[in-house]
Every structure is written in structure tokens, then in C-alpha cells.
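Data block for start-v1.cif (mmCIF, C-alpha atoms):
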data_run
loop_
_atom_site.label_atom_id
_atom_site.label_comp_id
_atom_site.auth_asym_id
_atom_site.auth_seq_id
_atom_site.Cartn_x
_atom_site.Cartn_y
_atom_site.Cartn_z
CA MET A 1 159.20 106.47 274.50
CA ASN A 2 156.85 106.31 271.64
CA ASN A 3 153.07 106.22 271.92
CA SER A 4 152.74 102.54 271.00
CA LEU A 5 154.98 101.49 273.80
CA LYS A 6 153.15 103.72 276.24
CA GLY A 7 149.84 102.17 275.16
CA ALA A 8 151.15 98.65 275.56
CA ILE A 9 152.39 99.36 279.07
CA GLY A 10 149.06 100.93 279.99
CA ALA A 11 147.12 97.93 278.65
CA ALA A 12 149.33 95.52 280.53
CA ALA A 13 148.82 97.47 283.71
CA GLY A 14 145.05 97.45 283.22
CA VAL A 15 144.98 93.70 282.69
CA ALA A 16 147.13 93.20 285.78
CA LEU A 17 144.75 95.34 287.83
CA LEU A 18 141.74 93.40 286.56
CA LEU A 19 143.39 90.08 287.32
CA GLY A 20 144.43 91.26 290.73
CA GLY A 21 140.96 92.40 291.67
CA ALA A 22 139.02 89.46 290.18
CA GLY A 23 138.25 87.91 293.50
CA THR A 24 136.45 90.95 294.71
CA PHE A 25 133.52 90.32 292.25
CA ALA A 26 132.45 86.98 293.81
CA MET A 27 129.46 88.47 295.58
CA TRP A 28 126.34 86.58 296.67
CA ASN A 29 124.17 85.22 293.96
CA THR A 30 121.28 82.81 293.57
CA THR A 31 119.23 81.34 290.71
CA THR A 32 115.78 80.00 290.06
CA SER A 33 114.13 78.47 286.99
CA THR A 34 110.73 77.79 285.49
CA ASP A 35 109.08 74.41 285.81
CA PRO A 36 109.68 72.05 282.90
CA ALA A 37 106.86 71.89 280.40
CA THR A 38 105.83 69.53 277.64
CA ILE A 39 104.99 71.16 274.39
CA ASN A 40 102.99 69.06 271.93
CA THR A 41 103.24 69.77 268.25
CA GLY A 42 100.29 69.34 265.96
CA GLN A 43 99.91 67.20 262.89
CA LEU A 44 98.93 67.59 259.26
CA SER A 45 98.77 64.55 257.05
CA LEU A 46 96.85 63.23 254.07
CA THR A 47 96.08 59.63 253.29
CA LYS A 48 94.20 58.04 250.43
CA ALA A 49 92.02 54.95 250.60
CA THR A 50 91.32 52.56 247.77
CA GLY A 51 89.17 54.08 245.08
CA THR A 52 86.24 52.62 243.17
CA TRP A 53 85.24 52.88 239.52
CA LYS A 54 81.53 53.04 238.77
CA HIS A 55 79.35 53.15 235.69
CA GLY A 56 75.71 53.98 236.07
CA GLY A 57 75.91 53.37 239.81
CA ALA A 58 77.39 49.89 239.41
CA THR A 59 80.96 49.06 240.33
CA ILE A 60 83.07 48.13 237.32
CA ASP A 61 86.40 46.47 236.72
CA LEU A 62 88.12 49.04 234.57
CA SER A 63 90.44 46.46 233.04
CA SER A 64 87.53 44.72 231.34
CA PHE A 65 85.30 47.73 230.77
CA HIS A 66 84.89 49.27 227.32
CA LEU A 67 84.01 52.94 227.18
CA VAL A 68 81.58 53.92 224.44
CA PRO A 69 80.03 57.21 223.32
CA GLY A 70 77.67 58.59 225.92
CA ASP A 71 79.29 56.75 228.79
CA VAL A 72 80.17 58.49 232.04
CA ILE A 73 82.36 56.61 234.47
CA THR A 74 83.53 57.86 237.84
CA TYR A 75 86.41 57.06 240.13
CA THR A 76 85.77 57.95 243.75
CA VAL A 77 88.55 57.88 246.30
CA PRO A 78 88.13 58.82 249.99
CA LEU A 79 90.81 61.09 251.40
CA THR A 80 91.50 61.42 255.10
CA ILE A 81 93.04 64.59 256.46
CA THR A 82 94.50 64.39 259.94
CA ALA A 83 94.85 67.92 261.24
CA THR A 84 95.74 68.85 264.79
CA GLY A 85 96.58 72.38 265.83
CA ASP A 86 94.87 75.09 267.86
CA ASP A 87 95.22 77.66 265.13
CA LEU A 88 95.93 75.34 262.27
CA LYS A 89 94.26 75.98 258.93
CA ALA A 90 94.90 74.01 255.79
CA LYS A 91 93.81 73.88 252.20
CA LEU A 92 93.35 70.78 250.09
CA THR A 93 93.57 71.08 246.32
CA VAL A 94 93.19 68.65 243.46
CA ASP A 95 94.57 69.00 239.96
CA SER A 96 92.31 68.97 236.91
CA GLY A 97 93.26 65.54 235.64
CA SER A 98 94.20 64.68 232.09
CA ILE A 99 93.80 61.89 229.59
CA SER A 100 95.94 60.97 226.62
CA GLY A 101 95.80 58.57 223.71
CA LEU A 102 92.86 60.20 221.97
CA THR A 103 92.63 60.57 218.22
CA THR A 104 90.89 63.90 218.70
CA SER A 105 91.30 65.95 221.84
CA GLY A 106 88.00 66.39 223.64
CA ASP A 107 86.35 63.18 222.47
CA VAL A 108 86.78 61.94 226.03
CA THR A 109 87.08 64.43 228.86
CA VAL A 110 88.19 64.29 232.49
CA ALA A 111 86.93 66.34 235.41
CA THR A 112 87.93 66.25 239.06
CA ALA A 113 86.00 67.45 242.08
CA LEU A 114 86.06 67.33 245.87
CA SER A 115 83.06 66.67 248.06
CA SER A 116 82.70 66.23 251.77
CA GLY A 117 80.19 64.92 254.19
CA GLY A 118 81.96 66.10 257.32
CA SER A 119 81.93 69.30 259.34
CA GLY A 120 84.97 71.51 259.54
CA VAL A 121 85.61 71.21 255.83
CA THR A 122 84.43 73.84 253.41
CA ILE A 123 84.43 72.95 249.72
CA ASP A 124 84.94 75.73 247.22
CA GLN A 125 81.59 75.75 245.44
CA THR A 126 82.85 77.52 242.33
CA ASP A 127 84.88 74.66 240.91
CA HIS A 128 84.94 72.07 243.71
CA LYS A 129 88.68 71.76 243.32
CA SER A 130 89.71 72.94 246.76
CA ALA A 131 88.65 72.50 250.35
CA THR A 132 89.48 74.51 253.45
CA ILE A 133 89.97 73.02 256.90
CA THR A 134 89.37 75.76 259.45
CA ALA A 135 90.89 76.28 262.87
CA PRO A 136 90.89 74.91 265.43
CA ALA A 137 91.63 71.84 263.40
CA SER A 138 91.51 68.74 265.49
CA GLY A 139 90.97 65.21 264.35
CA ASP A 140 90.28 63.49 261.06
CA TYR A 141 88.40 65.04 258.18
CA THR A 142 87.09 63.05 255.27
CA VAL A 143 86.88 64.40 251.77
CA ASP A 144 85.75 62.39 248.77
CA ALA A 145 87.51 63.06 245.51
CA THR A 146 85.85 62.14 242.25
CA VAL A 147 87.38 61.78 238.82
CA THR A 148 84.74 61.77 236.09
CA VAL A 149 85.52 60.46 232.62
CA THR A 150 82.97 61.27 229.92
CA PHE A 151 82.84 60.04 226.34
CA THR A 152 81.54 63.26 224.88
CA ASP A 153 81.70 62.63 221.14
CA VAL A 154 78.45 60.87 220.29
CA LYS A 155 78.26 62.01 216.66
CA ASP A 156 81.33 60.49 215.05
CA GLN A 157 82.46 56.91 214.95
CA ALA A 158 85.50 58.04 216.89
CA GLU A 159 88.02 56.57 219.29
CA GLN A 160 87.03 52.95 218.80
CA LYS A 161 89.20 50.23 220.28
CA ARG A 162 91.71 52.56 221.92
CA ALA A 163 93.62 52.36 225.17
CA LEU A 164 93.42 55.76 226.80
CA THR A 165 95.76 56.76 229.60
CA LEU A 166 94.26 58.54 232.56
CA ASP A 167 97.13 60.35 234.25
CA PRO A 168 97.55 60.18 238.04
CA VAL A 169 95.59 62.79 239.96
CA THR A 170 97.47 64.63 242.70
CA PHE A 171 95.98 65.99 245.90
CA ASP A 172 97.96 68.61 247.81
CA LEU A 173 97.35 69.61 251.41
CA ASN A 174 99.01 72.83 252.52
CA GLN A 175 99.00 74.58 255.86
CA THR A 176 97.73 78.13 255.43
CA ALA A 177 97.95 79.34 259.04
CA MET B 1 146.46 130.78 257.42
CA TRP B 2 148.33 127.61 258.13
CA GLY B 3 146.40 127.23 261.35
CA ASP B 4 143.15 127.67 259.49
CA ARG B 5 144.10 125.07 256.91
CA ARG B 6 145.03 122.62 259.66
CA GLY B 7 141.68 123.29 261.27
CA GLU B 8 139.94 122.63 257.97
CA ARG B 9 141.86 119.38 257.54
CA ARG B 10 140.97 118.31 261.08
CA GLY B 11 137.32 119.17 260.48
CA SER B 12 137.41 117.33 257.22
CA ARG B 13 138.97 114.32 258.90
CA ARG B 14 136.29 114.45 261.63
CA ARG B 15 133.51 114.59 259.04
CA GLY B 16 135.15 111.73 257.21
CA SER B 17 135.31 109.66 260.35
CA LEU B 18 131.70 110.53 261.13
CA VAL B 19 130.63 109.47 257.64
CA GLY B 20 132.76 106.34 257.88
CA GLY B 21 131.27 105.57 261.26
CA ALA B 22 127.76 106.00 259.92
CA LEU B 23 128.51 103.70 257.03
CA GLY B 24 129.97 101.20 259.46
CA VAL B 25 126.83 101.30 261.57
CA ALA B 26 124.71 100.97 258.44
CA ALA B 27 126.76 98.01 257.31
CA ILE B 28 126.34 96.35 260.67
CA ILE B 29 122.59 96.96 260.62
CA ILE B 30 122.29 95.58 257.08
CA VAL B 31 124.34 92.53 257.97
CA THR B 32 122.26 92.07 261.09
CA VAL B 33 119.01 92.32 259.13
CA VAL B 34 120.25 89.89 256.50
CA LEU B 35 121.36 87.47 259.17
CA GLY B 36 118.03 87.96 260.92
CA LEU B 37 116.10 87.15 257.76
CA ALA B 38 118.28 84.16 257.05
CA GLY B 39 117.66 82.95 260.55
CA THR B 40 113.89 83.18 260.21
CA GLY B 41 113.74 81.52 256.76
CA GLY B 42 112.55 78.26 258.22
CA VAL B 43 109.43 79.89 259.61
CA TYR B 44 107.91 80.02 256.11
CA ALA B 45 108.14 76.26 255.54
CA LEU B 46 104.63 75.45 256.66
CA TRP B 47 103.47 71.88 256.76
CA ASP B 48 102.18 70.18 253.67
CA ALA B 49 101.26 66.71 252.53
CA SER B 50 100.15 65.16 249.29
CA ALA B 51 98.56 62.02 247.93
CA THR B 52 98.17 60.75 244.41
CA ALA B 53 95.38 58.70 242.90
CA PRO B 54 96.95 56.24 240.50
CA GLY B 55 96.58 56.62 236.79
CA ALA B 56 94.57 54.12 234.80
CA THR B 57 94.14 52.72 231.36
CA ILE B 58 90.67 53.20 229.96
CA THR B 59 89.77 51.08 226.96
CA THR B 60 87.21 52.28 224.50
CA GLY B 61 84.82 49.85 222.92
CA SER B 62 84.25 49.03 219.29
CA ILE B 63 81.39 47.93 217.13
CA GLY B 64 81.31 45.66 214.10
CA LEU B 65 78.63 43.61 212.33
CA THR B 66 79.03 40.91 209.73
CA VAL B 67 76.49 39.11 207.57
CA ALA B 68 77.48 35.53 206.88
CA GLY B 69 80.99 36.47 208.04
CA ARG B 70 81.35 39.39 205.64
CA GLU B 71 80.37 43.01 205.35
CA SER B 72 77.93 42.11 202.59
CA ALA B 73 76.49 38.85 201.37
CA VAL B 74 74.24 37.51 198.64
CA LEU B 75 71.18 35.84 200.05
CA THR B 76 70.17 32.50 198.63
CA GLY B 77 66.76 30.91 198.99
CA LEU B 78 64.73 33.99 198.14
CA ASP B 79 65.01 33.59 194.42
CA GLY B 80 61.65 31.97 194.00
CA PRO B 81 59.63 30.94 192.20
CA LEU B 82 56.78 32.67 194.00
CA ALA B 83 53.11 32.20 193.36
CA PRO B 84 50.38 34.50 194.70
CA GLY B 85 49.87 33.77 198.42
CA ALA B 86 53.09 31.76 198.67
CA GLN B 87 56.29 32.61 200.50
CA VAL B 88 59.97 31.82 200.43
CA SER B 89 62.43 32.14 203.29
CA ALA B 90 66.12 32.33 203.91
CA SER B 91 68.30 32.96 206.91
CA VAL B 92 71.72 34.42 207.35
CA THR B 93 73.94 34.62 210.40
CA LEU B 94 74.64 38.00 211.93
CA HIS B 95 77.69 38.38 214.15
CA ASN B 96 78.69 41.23 216.44
CA THR B 97 82.44 41.52 216.02
CA GLY B 98 82.68 44.46 218.42
CA SER B 99 83.06 44.69 222.15
CA VAL B 100 79.77 46.35 223.00
CA PRO B 101 76.17 45.18 222.50
CA LEU B 102 74.51 46.08 219.23
CA SER B 103 70.88 46.75 218.50
CA VAL B 104 70.22 45.31 215.06
CA GLY B 105 67.68 46.64 212.62
CA VAL B 106 66.74 45.84 209.02
CA ALA B 107 65.72 48.28 206.29
CA SER B 108 64.82 47.56 202.68
CA THR B 109 66.55 49.42 199.88
CA THR B 110 64.37 47.79 197.27
CA GLY B 111 62.97 50.27 194.82
CA SER B 112 59.35 50.42 193.76
CA ALA B 113 58.49 48.04 190.93
CA PRO B 114 55.34 46.08 190.00
CA LEU B 115 56.59 42.84 191.57
CA ALA B 116 58.36 44.50 194.51
CA ASP B 117 55.20 46.46 195.35
CA ALA B 118 53.30 43.16 195.71
CA LEU B 119 55.80 41.60 198.09
CA THR B 120 55.80 41.66 201.88
CA LEU B 121 58.76 40.93 204.09
CA ARG B 122 58.88 39.45 207.56
CA ALA B 123 62.17 39.58 209.46
CA ALA B 124 62.86 37.78 212.72
CA ALA B 125 65.96 36.97 214.74
CA VAL B 126 66.39 33.44 215.99
CA PRO B 127 69.22 31.56 217.67
CA VAL B 128 71.83 30.32 215.25
CA GLY B 129 70.73 27.09 213.56
CA THR B 130 67.08 27.52 214.45
CA SER B 131 64.36 27.28 211.82
CA CYS B 132 62.43 30.36 210.81
CA PRO B 133 59.39 30.88 213.03
CA THR B 134 55.99 30.74 211.45
CA SER B 135 54.74 34.12 212.56
CA ALA B 136 57.21 35.95 214.81
CA GLY B 137 59.04 39.02 213.64
CA THR B 138 58.19 42.32 212.01
CA THR B 139 56.07 42.24 208.85
CA GLY B 140 55.64 45.01 206.29
CA ALA B 141 55.64 45.90 202.63
CA LEU B 142 59.00 45.14 201.05
CA VAL B 143 59.32 48.61 199.59
CA GLY B 144 60.10 50.92 202.49
CA TYR B 145 60.37 48.07 204.97
CA VAL B 146 61.98 49.05 208.29
CA ALA B 147 62.35 46.91 211.39
CA ARG B 148 64.19 48.68 214.20
CA GLN B 149 65.67 46.96 217.23
CA LEU B 150 64.95 43.55 215.86
CA VAL B 151 67.43 41.97 218.21
CA THR B 152 70.27 42.98 220.54
CA LEU B 153 73.48 41.16 219.85
CA PRO B 154 75.90 40.98 222.77
CA ALA B 155 79.61 41.51 222.17
CA ASP B 156 80.87 38.65 220.02
CA GLY B 157 77.32 37.32 219.84
CA SER B 158 75.51 35.81 216.85
CA GLU B 159 71.91 35.34 215.76
CA ASP B 160 70.31 34.11 212.61
CA LEU B 161 68.28 36.67 210.72
CA CYS B 162 65.29 34.95 209.21
CA LEU B 163 63.71 36.61 206.17
CA VAL B 164 60.36 35.52 204.82
CA LEU B 165 59.22 36.98 201.48
CA ALA B 166 55.55 36.57 200.48
CA LEU B 167 53.68 37.46 197.32
CA ASP B 168 50.33 39.05 197.78
CA GLY B 169 47.52 36.61 197.09
CA SER B 170 45.84 39.16 194.86
CA ALA B 171 48.91 39.83 192.78
CA PRO B 172 47.93 40.37 189.15
CA VAL B 173 48.82 37.76 186.58
CA THR B 174 50.92 40.35 184.80
CA LEU B 175 53.59 39.77 187.44
CA ALA B 176 54.04 36.20 186.32
CA GLY B 177 57.57 35.54 185.09
CA THR B 178 58.90 38.88 186.36
CA SER B 179 61.66 39.47 188.86
CA ALA B 180 62.67 42.12 191.36
CA ASP B 181 66.00 43.03 192.92
CA LEU B 182 65.89 42.77 196.68
CA GLY B 183 68.20 44.91 198.76
CA LEU B 184 68.43 45.03 202.54
CA THR B 185 70.59 47.07 204.84
CA ILE B 186 71.27 45.61 208.26
CA THR B 187 72.30 48.17 210.82
CA GLY B 188 73.86 47.69 214.21
CA ASP B 189 73.60 50.58 216.66
CA GLN B 190 75.37 50.82 219.99
CA ALA B 191 72.84 49.43 222.41
#
Could you rewrite the structure in this file as C-alpha cells?
Amino acid sequence: MNNSLKGAIGAAAGVALLLGGAGTFAMWNTTTSTDPATINTGQLSLTKATGTWKHGGATIDLSSFHLVPGDVITYTVPLTITATGDDLKAKLTVDSGSISGLTTSGDVTVATALSSGGSGVTIDQTDHKSATITAPASGDYTVDATVTVTFTDVKDQAEQKRALTLDPVTFDLNQTA
Amino acid sequence: MWGDRRGERRGSRRRGSLVGGALGVAAIIIVTVVLGLAGTGGVYALWDASATAPGATITTGSIGLTVAGRESAVLTGLDGPLAPGAQVSASVTLHNTGSVPLSVGVASTTGSAPLADALTLRAAAVPVGTSCPTSAGTTGALVGYVARQLVTLPADGSEDLCLVLALDGSAPVTLAGTSADLGLTITGDQA
């Protein structure tokens, strides 16, 4: 009888023994469980309200406004951050903005900045392009974003009667903890 | 000897199986770690949100100024004759062809000459079609005459520029029958 056959017979016998004795393992047992619990997740969202264009403190209709050398116009848009989380931290950033359609680059410039009147939001004072919402974050936080367009070239008779394109400005809100 | 060689082979086989077993365990650990990392990949996808302020078209302004509908014009009505103490006047329409307000000024380019030195100029802006006023405006010697911010023309706006030229009452008789070339530059600056 070769070894393989012996092994097969042994395995079969073992299985038979296990099957035969299965009933002997049904000993007493009992179970218990934890109470059910509701776990609430937090929230992180960013919404943008309608913005306003101003020139010299007065609201302007950009479609009928003509930018001239020395002018500074601003677009202010309120952002609302809804942040809920016991240890939630988040960072809001804004891109630098850009403008196209100029004859000479730099004749008209764009700058973006964040500002806030609320607590719980810390604006980066170096470039005002980011804001930190610290934990525990709970509720709504308001941040104003401003896009400033400046006609900087006041020496040359430049950029007259042009349609300049101000590219969309993107605000990103990212959870950091 | 044979027995020794068999023993060596067995030992070698045992070492081989030990090495193989170790590699197997290592492979299982590596696979487990890789699977573990793959399983926790989602943990790094923290929440984020974004918003975009719409782009906009910004139109720049322009400036443009015409005299009697052209960039330059010949004035009529100032060609005399003038007697000492007398004056002649003429008016010409200024038009802002730009899209922003213009502050208009007048400067004389008339060179010094015996007759020119005895002339005074008064410039005033009046609504289009209105007669020249009797005294309003800026008065000065014709040679070197400058009147800044005479009037502000709104975009597409017009005014008449009234020019009054007077000969000094004490002008010497030697000026009789002489003439002078009068030149004026009208400037519009962004207001």
C-alpha cells in the first residue's frame, strides 16, 4: 500500500470521526450586544452669494462701465463656509485671478484677497489668499472675497476701447484635519 | 561517506525549505501590507468643496475730441479788421467722441510778433448754439495764453468754444495793416 493511499484512508477516517462527534460540541452558550447608537457625521460645504462691483465706493453696472487709467474697481463676493465637526479643521484658498485681452501685460492688473468679520476664521496676513477654520468647527463662517482690478498704466494712451476678460476666480475649501 | 553526503543533502534540503518558508512568510506579509494599504486608501480622501466667482468682461474707456467735427479746423470770424480797443469773436463746436468725460483746455501756439503781442484772448465754453458771453471766460495775452479746465465735456457731449480776440487800445499805429497768425491747441484730458 503506497503512502498516498494510506494518507487518504487516514484523512477519511479523521473526517468520519469529526462528523461522528459533531453533536458533542453543542454546549451551552449565550450572547449579548451593545445598545444601538446614532452616529452623526459632520459637514463641510462652501457657498457663494451674489457679488457686487464697486468704483469709488459706489455700486456700478460693469456692463456699462468704462475703465480708464487710474481707476480701481472691486468685486466683493460673500462666501459662506458650513463646517461641522468636533475636530474638523479646514482651509479656504483663493487663486490669484487673471485678466486677458490687454495690449500690454500689466497695464491692468488683478488681485484677490480674503477678509473676514467672523470669529473662528483666521486669515493669512501675508498675502490674504487663504483662511483657516479651526476646530471645533461648528456652524457657518463668513468670509468676504475681493477681486481688485486696477488700471495701472497712467502714462501711456494705452488700452483704449478694449474688452478685457476677467477670468473666473476659484475658491477651494479643503479639510485639513 | 555516502551517509555523510546524504546528511549534507538532507541538511541542504532543510535549509532550502527554511529559506523557502521565510520567503513565503515574507510574501504573505508584503501582500498583507499591500492589501492593508489598499484598504485604507479611502481614509486620505478628506472633504473638500469649491466655489467659483464668475468671470466678467471689463470694458476700457476711450477719449476723443473734435473741433468742428474734425481733428483740426480753420477758424473763421477772427480775421478782422481790428482797430485799437475793438474785438472780434468766433465760436467753434467741441465734441467729446470718447466714452469718458474730458476736461478741456485751450493754449495758444501763437508766436511773438508786434501785432500778436498787442492782442488779448478770452475763451469761454457755452452751450451749443449760444452766443458768446460778454465777459465770462478766461482772459489773457494771446502769446502764451493758457486756459486749463475751461469746461468738462461728458462722454459724447458738445459745447461751443467761444473765442474773443481784442486789440489793445494803446496799440501803436505801426500795427495798422499788419496781420498775425493765430494758433490754438485745444486739449482734452481724462476728467
Please report, as CSV, each residue of chain A lying at most 8 Å from chain B, together with the nearest pair of atoms and the separation in Å rounded to one decimal; use only C-alpha atoms, and order rows by chain and ascending residue number.
residue,atom,partner,partner_atom,distance
A:Leu44,CA,B:Trp47,CA,6.7
A:Ser45,CA,B:Ala49,CA,5.6
A:Leu46,CA,B:Ala49,CA,5.8
A:Thr47,CA,B:Ala51,CA,6.4
A:Lys48,CA,B:Ala51,CA,6.4
A:Leu62,CA,B:Ile58,CA,6.7
A:Ser63,CA,B:Ile58,CA,7.4
A:Phe65,CA,B:Thr59,CA,6.8
A:His66,CA,B:Gly61,CA,4.4
A:Leu67,CA,B:Thr60,CA,4.2
A:Val68,CA,B:Gly61,CA,5.4
A:Val77,CA,B:Ala53,CA,7.7
A:Glu159,CA,B:Thr60,CA,6.8
A:Gln160,CA,B:Ser62,CA,4.8
A:Lys161,CA,B:Thr60,CA,5.1
A:Arg162,CA,B:Thr60,CA,5.2
A:Ala163,CA,B:Thr59,CA,4.4
A:Leu164,CA,B:Ile58,CA,4.9
A:Thr165,CA,B:Thr57,CA,4.7
A:Leu166,CA,B:Ala56,CA,5.0
A:Asp167,CA,B:Gly55,CA,4.5
A:Pro168,CA,B:Gly55,CA,3.9
A:Val169,CA,B:Ala53,CA,5.0
A:Thr170,CA,B:Thr52,CA,4.3
A:Phe171,CA,B:Ala51,CA,5.2
A:Asp172,CA,B:Ser50,CA,4.3
A:Leu173,CA,B:Ala49,CA,5.0
A:Asn174,CA,B:Asp48,CA,4.3
A:Gln175,CA,B:Trp47,CA,5.3
A:Thr176,CA,B:Leu46,CA,7.5
Query raised in the report: Counting only C-alpha atoms, what is within 8 Å of Ile133 of chain A, bar same-chain residues fewer than 2 positions away, as a PyMOL selection string?
Result: chain A and resi 89-92+120-122+131+135+137
Query - Separation of atom CA of Thr76 of chain A from atom CA of Ser119 of chain A in Å - result: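 Computing it gives 19.7 Å between the two atoms.
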Requested in this report: Rounded to one decimal place, report the atom CA of Ala49 of chain A-atom CA of Ser96 of chain A distance in Å.
Outcome: 19.6 Å
Query - Surrounding residues of segment 119-124 of chain B excluding itself and chain neighbours under 5 positions, 6 Å, only C-alpha atoms, as a ChimeraX atom specification - result: /B:137-142,161-167
Report summary line: atom CA of Gly111 of chain B sits from atom CA of Val143 of chain B at a separation of 6.2 Å
